[in-house]
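entry.txt (compact mmCIF, C-alpha atoms)
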```txt
# COMPACT_ATOMS: atom_id res chain seq x y z
CA MET J 844 101.87 57.96 108.61
CA LYS J 845 100.06 58.18 105.29
CA LYS J 846 96.88 59.59 106.76
CA TYR J 847 98.77 62.67 108.02
CA LEU J 848 100.55 63.40 104.74
CA PRO J 849 97.74 65.36 103.04
CA ALA J 850 97.35 67.66 106.07
CA CYS J 851 101.11 68.30 106.25
CA THR J 852 101.22 68.93 102.52
CA LEU J 853 98.34 71.39 102.83
CA ILE J 854 100.08 73.29 105.63
CA ILE J 855 103.33 73.50 103.66
CA THR J 856 101.42 74.67 100.58
CA LEU J 857 99.63 77.37 102.58
CA VAL J 858 102.90 78.63 104.08
CA ILE J 859 104.58 78.80 100.67
CA THR J 860 101.55 80.49 99.15
CA ALA J 861 101.44 83.04 101.98
CA LYS J 862 105.09 83.92 101.39
CA LEU J 863 104.61 84.24 97.64
CA THR J 864 101.51 86.40 97.92
CA PHE J 865 102.82 88.64 100.69
CA ALA J 866 103.46 91.43 98.18
CA GLN J 867 100.40 90.66 96.13
CA ASN J 868 97.57 92.65 97.70
CA LYS J 869 97.33 94.57 94.40
CA ILE J 870 97.75 97.99 96.07
CA VAL J 871 100.26 100.50 94.70
CA VAL J 872 100.75 103.93 96.32
CA PHE J 873 102.62 106.59 94.33
CA GLN J 874 104.72 109.50 95.57
CA SER J 875 106.77 111.98 93.53
CA ASP J 876 107.90 115.58 93.08
CA PHE J 877 106.24 115.71 89.65
CA GLY J 878 103.16 117.74 90.54
CA VAL J 879 100.01 117.12 88.53
CA LYS J 880 100.29 119.88 85.95
CA ASP J 881 101.38 117.48 83.22
CA GLY J 882 101.03 113.82 82.33
CA ALA J 883 103.94 112.32 84.26
CA VAL J 884 101.85 110.85 87.10
CA SER J 885 99.22 109.60 84.68
CA ALA J 886 101.94 107.93 82.60
CA MET J 887 103.19 106.00 85.64
CA LYS J 888 99.67 104.86 86.46
CA GLY J 889 99.10 103.88 82.85
CA VAL J 890 102.17 101.66 82.93
CA ALA J 891 100.93 100.06 86.15
CA MET J 892 97.48 99.39 84.69
CA GLY J 893 99.14 97.90 81.64
CA VAL J 894 100.71 95.32 83.93
CA SER J 895 97.36 94.47 85.50
CA PRO J 896 94.00 96.29 85.29
CA ASP J 897 93.10 94.67 88.63
CA LEU J 898 95.55 96.86 90.54
CA LYS J 899 94.29 99.50 92.97
CA LEU J 900 96.29 102.70 92.51
CA TYR J 901 96.50 105.51 95.07
CA ASP J 902 98.51 108.68 95.63
CA LEU J 903 100.50 109.56 98.71
CA THR J 904 101.48 112.97 97.31
CA HIS J 905 102.97 114.44 94.16
CA GLU J 906 103.67 117.81 95.78
CA ILE J 907 107.09 117.03 97.24
CA PRO J 908 109.22 120.14 96.57
CA ALA J 909 111.42 119.53 93.53
CA TYR J 910 114.47 117.36 94.33
CA ASN J 911 113.66 117.31 98.07
CA ILE J 912 114.75 113.79 98.99
CA TRP J 913 114.42 114.51 102.71
CA GLU J 914 110.73 115.38 102.44
CA ALA J 915 110.13 112.25 100.36
CA SER J 916 111.67 110.29 103.22
CA TYR J 917 109.44 111.99 105.76
CA ARG J 918 106.20 111.49 103.82
CA LEU J 919 106.89 107.76 103.65
CA GLU J 920 107.57 107.74 107.39
CA GLN J 921 104.31 109.62 107.98
CA THR J 922 102.21 107.28 105.87
CA VAL J 923 103.50 103.75 105.22
CA ARG J 924 102.60 102.22 108.61
CA TYR J 925 98.90 102.99 108.10
CA TRP J 926 98.62 100.83 104.95
CA PRO J 927 98.14 97.04 104.99
CA ALA J 928 101.20 94.80 104.96
CA GLY J 929 102.06 93.90 101.39
CA THR J 930 101.31 97.36 100.01
CA VAL J 931 103.82 98.52 97.39
CA PHE J 932 104.95 102.16 97.46
CA VAL J 933 106.55 103.73 94.40
CA SER J 934 108.49 106.84 95.47
CA VAL J 935 110.18 108.89 92.77
CA VAL J 936 112.16 111.91 93.91
CA ASP J 937 115.22 111.30 91.82
CA PRO J 938 117.55 114.22 91.04
CA GLY J 939 120.23 111.65 90.19
CA VAL J 940 118.12 109.84 87.58
CA GLY J 941 120.30 107.99 85.10
CA THR J 942 123.41 108.11 87.30
CA THR J 943 125.04 105.33 89.31
CA ARG J 944 122.60 105.51 92.27
CA LYS J 945 120.94 102.14 92.74
CA SER J 946 117.29 101.41 91.98
CA VAL J 947 115.99 99.23 94.79
CA VAL J 948 112.99 97.68 96.49
CA LEU J 949 113.14 97.76 100.28
CA LYS J 950 111.08 95.21 102.18
CA THR J 951 110.44 96.49 105.69
CA LYS J 952 110.08 94.23 108.71
CA SER J 953 106.41 95.29 108.76
CA GLY J 954 105.92 93.71 105.32
CA HIS J 955 105.70 96.88 103.21
CA PHE J 956 107.62 97.39 99.97
CA ILE J 957 109.15 100.68 98.75
CA VAL J 958 110.33 100.94 95.14
CA THR J 959 112.69 103.91 94.83
CA PRO J 960 116.17 105.14 94.07
CA ASP J 961 118.47 104.50 97.02
CA ASN J 962 119.39 108.15 97.44
CA GLY J 963 118.27 108.93 101.00
CA THR J 964 114.53 108.47 100.42
CA LEU J 965 114.61 105.41 102.70
CA THR J 966 116.35 107.18 105.61
CA LEU J 967 113.44 107.37 108.06
CA ILE J 968 111.31 104.39 107.08
CA ALA J 969 114.29 102.02 107.30
CA ALA J 970 115.03 103.28 110.81
CA SER J 971 111.45 103.10 112.09
CA LEU J 972 110.03 99.98 110.40
CA GLY J 973 113.33 98.14 110.00
CA ILE J 974 115.01 96.53 107.00
CA ASP J 975 114.05 92.96 106.22
CA GLN J 976 115.75 92.89 102.82
CA VAL J 977 116.95 95.21 100.07
CA ARG J 978 117.04 94.07 96.45
CA GLU J 979 118.43 95.92 93.45
CA ILE J 980 116.05 96.10 90.50
CA ASP J 981 117.25 93.94 87.64
CA GLU J 982 116.44 96.20 84.70
CA ALA J 983 117.13 93.41 82.22
CA VAL J 984 113.87 91.86 83.46
CA ASN J 985 111.99 94.58 85.33
CA ARG J 986 111.90 97.44 82.88
CA ARG J 987 109.15 98.58 80.52
CA LYS J 988 109.56 97.10 77.05
CA ASP J 989 111.43 99.25 74.51
CA SER J 990 112.32 101.92 77.09
CA GLN J 991 116.09 101.33 77.13
CA LYS J 992 116.80 104.54 75.20
CA SER J 993 115.08 106.66 77.85
CA TYR J 994 117.40 107.77 80.67
CA THR J 995 115.36 110.42 82.46
CA PHE J 996 112.02 108.83 83.41
CA HIS J 997 112.81 105.80 85.52
CA GLY J 998 109.65 106.53 87.49
CA ARG J 999 107.65 105.36 84.50
CA ASP J 1000 110.01 102.87 82.90
CA VAL J 1001 111.47 101.10 85.95
CA TYR J 1002 109.78 101.98 89.25
CA ALA J 1003 106.10 102.01 88.27
CA PHE J 1004 106.63 98.93 86.11
CA THR J 1005 108.46 96.97 88.81
CA GLY J 1006 106.09 98.07 91.57
CA ALA J 1007 103.07 97.02 89.53
CA ARG J 1008 104.57 93.62 88.70
CA LEU J 1009 105.33 93.03 92.37
CA ALA J 1010 101.90 94.13 93.61
CA ALA J 1011 100.06 92.13 90.95
CA GLY J 1012 102.00 88.95 91.66
CA VAL J 1013 103.61 88.82 88.23
CA ILE J 1014 106.92 88.53 90.07
CA THR J 1015 107.85 87.55 93.61
CA TYR J 1016 110.04 89.79 95.71
CA GLU J 1017 112.97 87.48 95.02
CA GLN J 1018 112.51 88.12 91.28
CA VAL J 1019 112.99 91.87 91.70
CA GLY J 1020 116.75 91.37 91.44
CA PRO J 1021 119.89 90.53 93.42
CA LEU J 1022 119.95 90.75 97.20
CA LEU J 1023 121.96 93.69 98.61
CA PRO J 1024 123.37 94.25 102.10
CA ALA J 1025 120.61 95.25 104.55
CA LYS J 1026 121.45 98.95 104.59
CA VAL J 1027 120.41 102.05 102.67
CA VAL J 1028 121.77 105.51 101.92
CA SER J 1029 120.85 107.73 104.88
CA ILE J 1030 120.69 111.49 105.29
CA PRO J 1031 122.24 112.64 108.60
CA PHE J 1032 119.86 114.33 111.07
CA GLN J 1033 119.54 115.08 114.78
CA GLN J 1034 117.98 112.15 116.60
CA ALA J 1035 115.63 112.88 119.51
CA VAL J 1036 117.64 112.51 122.73
CA LEU J 1037 117.47 113.66 126.34
CA LYS J 1038 120.73 114.95 127.83
CA GLY J 1039 120.28 115.94 131.45
CA LYS J 1040 117.34 118.34 131.44
CA THR J 1041 117.74 119.31 127.79
CA LEU J 1042 115.87 117.66 124.91
CA LYS J 1043 117.47 117.69 121.48
CA GLY J 1044 115.74 116.80 118.26
CA GLY J 1045 115.30 117.55 114.58
CA ILE J 1046 112.69 119.29 112.46
CA PRO J 1047 111.70 116.64 109.93
CA ILE J 1048 108.83 118.61 108.39
CA LEU J 1049 106.62 121.68 108.57
CA ASP J 1050 102.85 121.55 108.75
CA VAL J 1051 102.98 123.46 105.51
CA GLN J 1052 99.35 124.56 105.36
CA TYR J 1053 99.64 126.46 108.65
CA GLY J 1054 103.36 126.99 109.19
CA ASN J 1055 103.56 124.90 112.36
CA VAL J 1056 106.98 123.44 113.16
CA TRP J 1057 106.99 119.68 113.83
CA THR J 1058 109.88 118.04 115.66
CA ASN J 1059 110.83 114.37 115.92
CA ILE J 1060 110.61 114.48 119.74
CA PRO J 1061 107.91 111.96 120.77
CA ASP J 1062 105.58 112.50 123.72
CA THR J 1063 107.23 109.61 125.56
CA LEU J 1064 110.57 111.44 125.58
CA PHE J 1065 109.05 114.87 126.29
CA ASN J 1066 107.15 113.38 129.25
CA LYS J 1067 110.47 112.55 130.91
CA LEU J 1068 110.69 116.27 131.70
CA SER J 1069 107.37 115.91 133.61
CA PRO J 1070 105.59 118.73 131.74
CA HIS J 1071 102.22 120.15 132.78
CA TYR J 1072 99.88 122.20 130.62
CA GLY J 1073 100.73 125.84 131.15
CA ASP J 1074 104.43 125.22 131.82
CA LEU J 1075 106.79 127.47 129.87
CA VAL J 1076 108.85 125.66 127.26
CA ASN J 1077 112.19 127.27 126.35
CA VAL J 1078 112.84 126.65 122.65
CA SER J 1079 116.03 127.17 120.64
CA ILE J 1080 116.02 126.38 116.91
CA PHE J 1081 119.21 125.96 114.88
CA ASN J 1082 120.13 125.71 111.22
CA LYS J 1083 123.53 124.05 110.78
CA GLU J 1084 124.17 124.87 114.46
CA LYS J 1085 123.46 128.59 113.90
CA LEU J 1086 120.78 129.93 116.27
CA VAL J 1087 117.71 131.01 114.29
CA TYR J 1088 115.09 131.34 117.03
CA LYS J 1089 115.10 131.53 120.81
CA GLY J 1090 111.99 132.05 122.91
CA SER J 1091 109.56 130.71 125.51
CA MET J 1092 106.00 129.54 125.03
CA PRO J 1093 103.37 127.71 127.09
CA TYR J 1094 102.77 124.00 126.70
CA ALA J 1095 99.14 123.86 125.57
CA GLN J 1096 96.60 121.19 124.70
CA THR J 1097 94.85 123.27 122.02
CA PHE J 1098 95.68 126.33 119.92
CA GLY J 1099 92.87 128.35 121.47
CA GLU J 1100 94.56 128.33 124.88
CA VAL J 1101 96.75 131.26 123.77
CA ALA J 1102 95.78 134.58 122.20
CA ALA J 1103 95.79 134.97 118.42
CA GLY J 1104 99.34 135.49 117.15
CA LYS J 1105 100.96 134.08 120.29
CA PRO J 1106 103.27 131.03 120.28
CA LEU J 1107 102.59 127.68 121.91
CA ALA J 1108 104.14 124.24 122.22
CA TYR J 1109 101.83 121.26 121.68
CA LEU J 1110 101.72 117.61 120.61
CA ASN J 1111 100.78 117.16 116.95
CA SER J 1112 98.66 114.37 115.47
CA LEU J 1113 101.68 112.04 115.53
CA LEU J 1114 102.19 112.84 119.25
CA GLN J 1115 105.41 114.72 118.57
CA LEU J 1116 106.37 118.04 120.15
CA SER J 1117 105.55 120.96 117.85
CA PHE J 1118 105.44 124.78 117.84
CA ALA J 1119 102.84 127.11 116.40
CA LEU J 1120 101.46 130.63 116.38
CA ASN J 1121 97.73 130.59 117.07
CA MET J 1122 96.09 131.81 113.84
CA GLY J 1123 99.56 132.54 112.44
CA ASP J 1124 102.53 131.04 110.60
CA PHE J 1125 105.41 130.24 112.99
CA ALA J 1126 107.78 129.04 110.25
CA LYS J 1127 107.29 132.15 108.13
CA ALA J 1128 107.45 134.54 111.07
CA TYR J 1129 110.81 133.18 112.24
CA GLN J 1130 112.20 131.87 108.93
CA VAL J 1131 112.29 128.26 110.07
CA ALA J 1132 112.48 125.36 107.60
CA SER J 1133 112.88 121.60 107.89
CA GLY J 1134 115.32 118.85 107.01
CA GLY J 1135 118.53 117.28 108.23
CA ASP J 1136 120.23 120.66 108.78
CA TRP J 1137 117.61 121.81 111.30
CA SER J 1138 117.59 121.00 115.02
CA VAL J 1139 115.97 122.11 118.27
CA GLU J 1140 116.83 122.24 121.96
CA ILE J 1141 114.10 122.21 124.60
CA ARG J 1142 114.13 122.97 128.31
CA LEU J 1143 111.35 123.54 130.82
CA ASN J 1144 111.42 126.39 133.34
```

Could you take the file, read its structure, and then write that structure out as structure tokens?
Amino acid sequence: MKKYLPACTLIITLVITAKLTFAQNKIVVFQSDFGVKDGAVSAMKGVAMGVSPDLKLYDLTHEIPAYNIWEASYRLEQTVRYWPAGTVFVSVVDPGVGTTRKSVVLKTKSGHFIVTPDNGTLTLIAASLGIDQVREIDEAVNRRKDSQKSYTFHGRDVYAFTGARLAAGVITYEQVGPLLPAKVVSIPFQQAVLKGKTLKGGIPILDVQYGNVWTNIPDTLFNKLSPHYGDLVNVSIFNKEKLVYKGSMPYAQTFGEVAAGKPLAYLNSLLQLSFALNMGDFAKAYQVASGGDWSVEIRLN
């Protein structure tokens, strides 16, 4: 029995070490609505580097429209899955800073960590990647030294500091703070569903550079209508159930398949049904926006 003990001990040690280092790949990705006109983003990164100069710091975006929690949720959904397991995301879109909203770290079932206020920012990523655990940040331990008198910059004093400590291995995930129920604050939105021959979905985001309208209807669901390129797609767009746009457009593989200024339906880079004007701005032309209040209905001729 003795001759097997060292091997068993080694295996146990490796398993424990793997669990402890799961959040310790030293990568931190920042997102905020701060913009980069002042020093707020740099201050957060400075705090992180103060925890460990070995960290690798990256930006998701700092151009979230001010206070737009929904868009913060979408940008995480768009991005997190493409980073290695163990990556720590610090997302700070926090109009309720200093209030009773909880500061948390979500561990997804894919092994990613999101440090953020629990204010709706986790709506989409929790649904798509799943909730493994949620822990509330214990600010008695995980808060920048001598910052207790500051109530309006938790991104610097709590979130960047905690995220850096987690990524650097200064703390384990269990040392973030107390375990919470495995649920998060969610913003209501229209799920993608097929009812008879009608597809319903939401508009989670706009392709802001070009004004294309992206839905949450995946190709797998759209394909249940048996579409062919060239088929006319009947599109109705609603804001709080009020009809904003109604029209028909061809289902196309590329923008150039329709004349300049004409509408088309296509699959975007995430393989989700989308609408555009070739060489134009669909959202601006028809005053379409995005978020939980926006929805679409789709039928084929």

Residues proximal to (93.5, 133.7, 115.0) were defined as those with any atom within 6 Å of that point in the file's coordinates, counting only C-alpha atoms. Which are they, as number ranges by chain? J: 1103, 1121-1122

For His955 in chain J, which residue out of J:Thr1005, J:Glu982, J:Tyr1016, J:Leu1086 is the nearest one, using all atoms listed in the file?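 The answer is J:Tyr1016, which sits nearest to His955 in chain J.
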
So what do you get for CA of Arg924 in chain J versus CA of Ile1141 in chain J, distance-wise?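 Those two atoms sit 28.1 Å apart.
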
In Å to one decimal, how far is CA of Gly929 in chain J from CA of Lys952 in chain J? 10.9 Å

For Leu1022 in chain J, work out the shell of residues within 9 Å, counting only C-alpha atoms and skipping chain neighbours fewer than 2 positions away, then give it as an MDAnalysis selection string. chainID J and resid 976:979 1017 1019:1020 1024:1025

Residues from last step as file, C-alpha atoms, as an mmCIF file, keeping the file's coordinate frame:
```
data_model
loop_
_atom_site.group_PDB
_atom_site.id
_atom_site.type_symbol
_atom_site.label_atom_id
_atom_site.label_comp_id
_atom_site.auth_asym_id
_atom_site.auth_seq_id
_atom_site.Cartn_x
_atom_site.Cartn_y
_atom_site.Cartn_z
ATOM 1 C CA GLN J 976 115.750 92.890 102.820
ATOM 2 C CA VAL J 977 116.950 95.210 100.070
ATOM 3 C CA ARG J 978 117.040 94.070 96.450
ATOM 4 C CA GLU J 979 118.430 95.920 93.450
ATOM 5 C CA GLU J 1017 112.970 87.480 95.020
ATOM 6 C CA VAL J 1019 112.990 91.870 91.700
ATOM 7 C CA GLY J 1020 116.750 91.370 91.440
ATOM 8 C CA PRO J 1024 123.370 94.250 102.100
ATOM 9 C CA ALA J 1025 120.610 95.250 104.550
#
```

Could you check which of J:Tyr1094, J:Tyr1088, J:Phe1125, J:Phe873 is closest to Trp1137 in chain J, using only C-alpha atoms? J:Tyr1088

Return the single residue from J:Ser895, J:Thr930, J:Thr922, J:Asn1077 that is closest to Val871 in chain J, with distances computed using only C-alpha atoms.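 Residue with the minimum atom-to-atom distance to Val871 in chain J: J:Thr930.
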
Nearest candidate to Gln1033 in chain J (options J:Pro908, J:Gly1134, J:Pro938, J:Gly1006; using all atoms listed in the file):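 Among the listed residues, the smallest separation from Gln1033 in chain J belongs to J:Gly1134.
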
Considering all atoms listed in the file, can you say which of J:Thr943, J:Asn868, J:Ser885, J:Ser916 comes closest to Lys899 in chain J? J:Asn868

Within 9 Å of Leu1114 in chain J using all atoms listed in the file, minus same-chain residues under 4 positions, as a PyMOL selection string: chain J and resi 1060-1063+1109-1110

Deliver the residues from the most recent selection as a file, using C-alpha atoms, as a compact mmCIF listing (two decimals), keeping the file's coordinate frame.
```
# COMPACT_ATOMS: atom_id res chain seq x y z
CA ILE J 1060 110.61 114.48 119.74
CA PRO J 1061 107.91 111.96 120.77
CA ASP J 1062 105.58 112.50 123.72
CA THR J 1063 107.23 109.61 125.56
CA TYR J 1109 101.83 121.26 121.68
CA LEU J 1110 101.72 117.61 120.61
```

List the spatial neighbours of Thr1041 in chain J as a VMD selection string - criterion: any atom at most 9 Å away, all atoms listed in the file, same-chain residues fewer than 6 positions off excluded. chain J and resid 1068 1140 to 1143

Take the point (105.3, 114.9, 107.4) as written in the file and pick out every residue within 9 Å of it, counting only C-alpha atoms; give the list as a PyMOL selection string. chain J and resi 914-922+1047-1050+1057
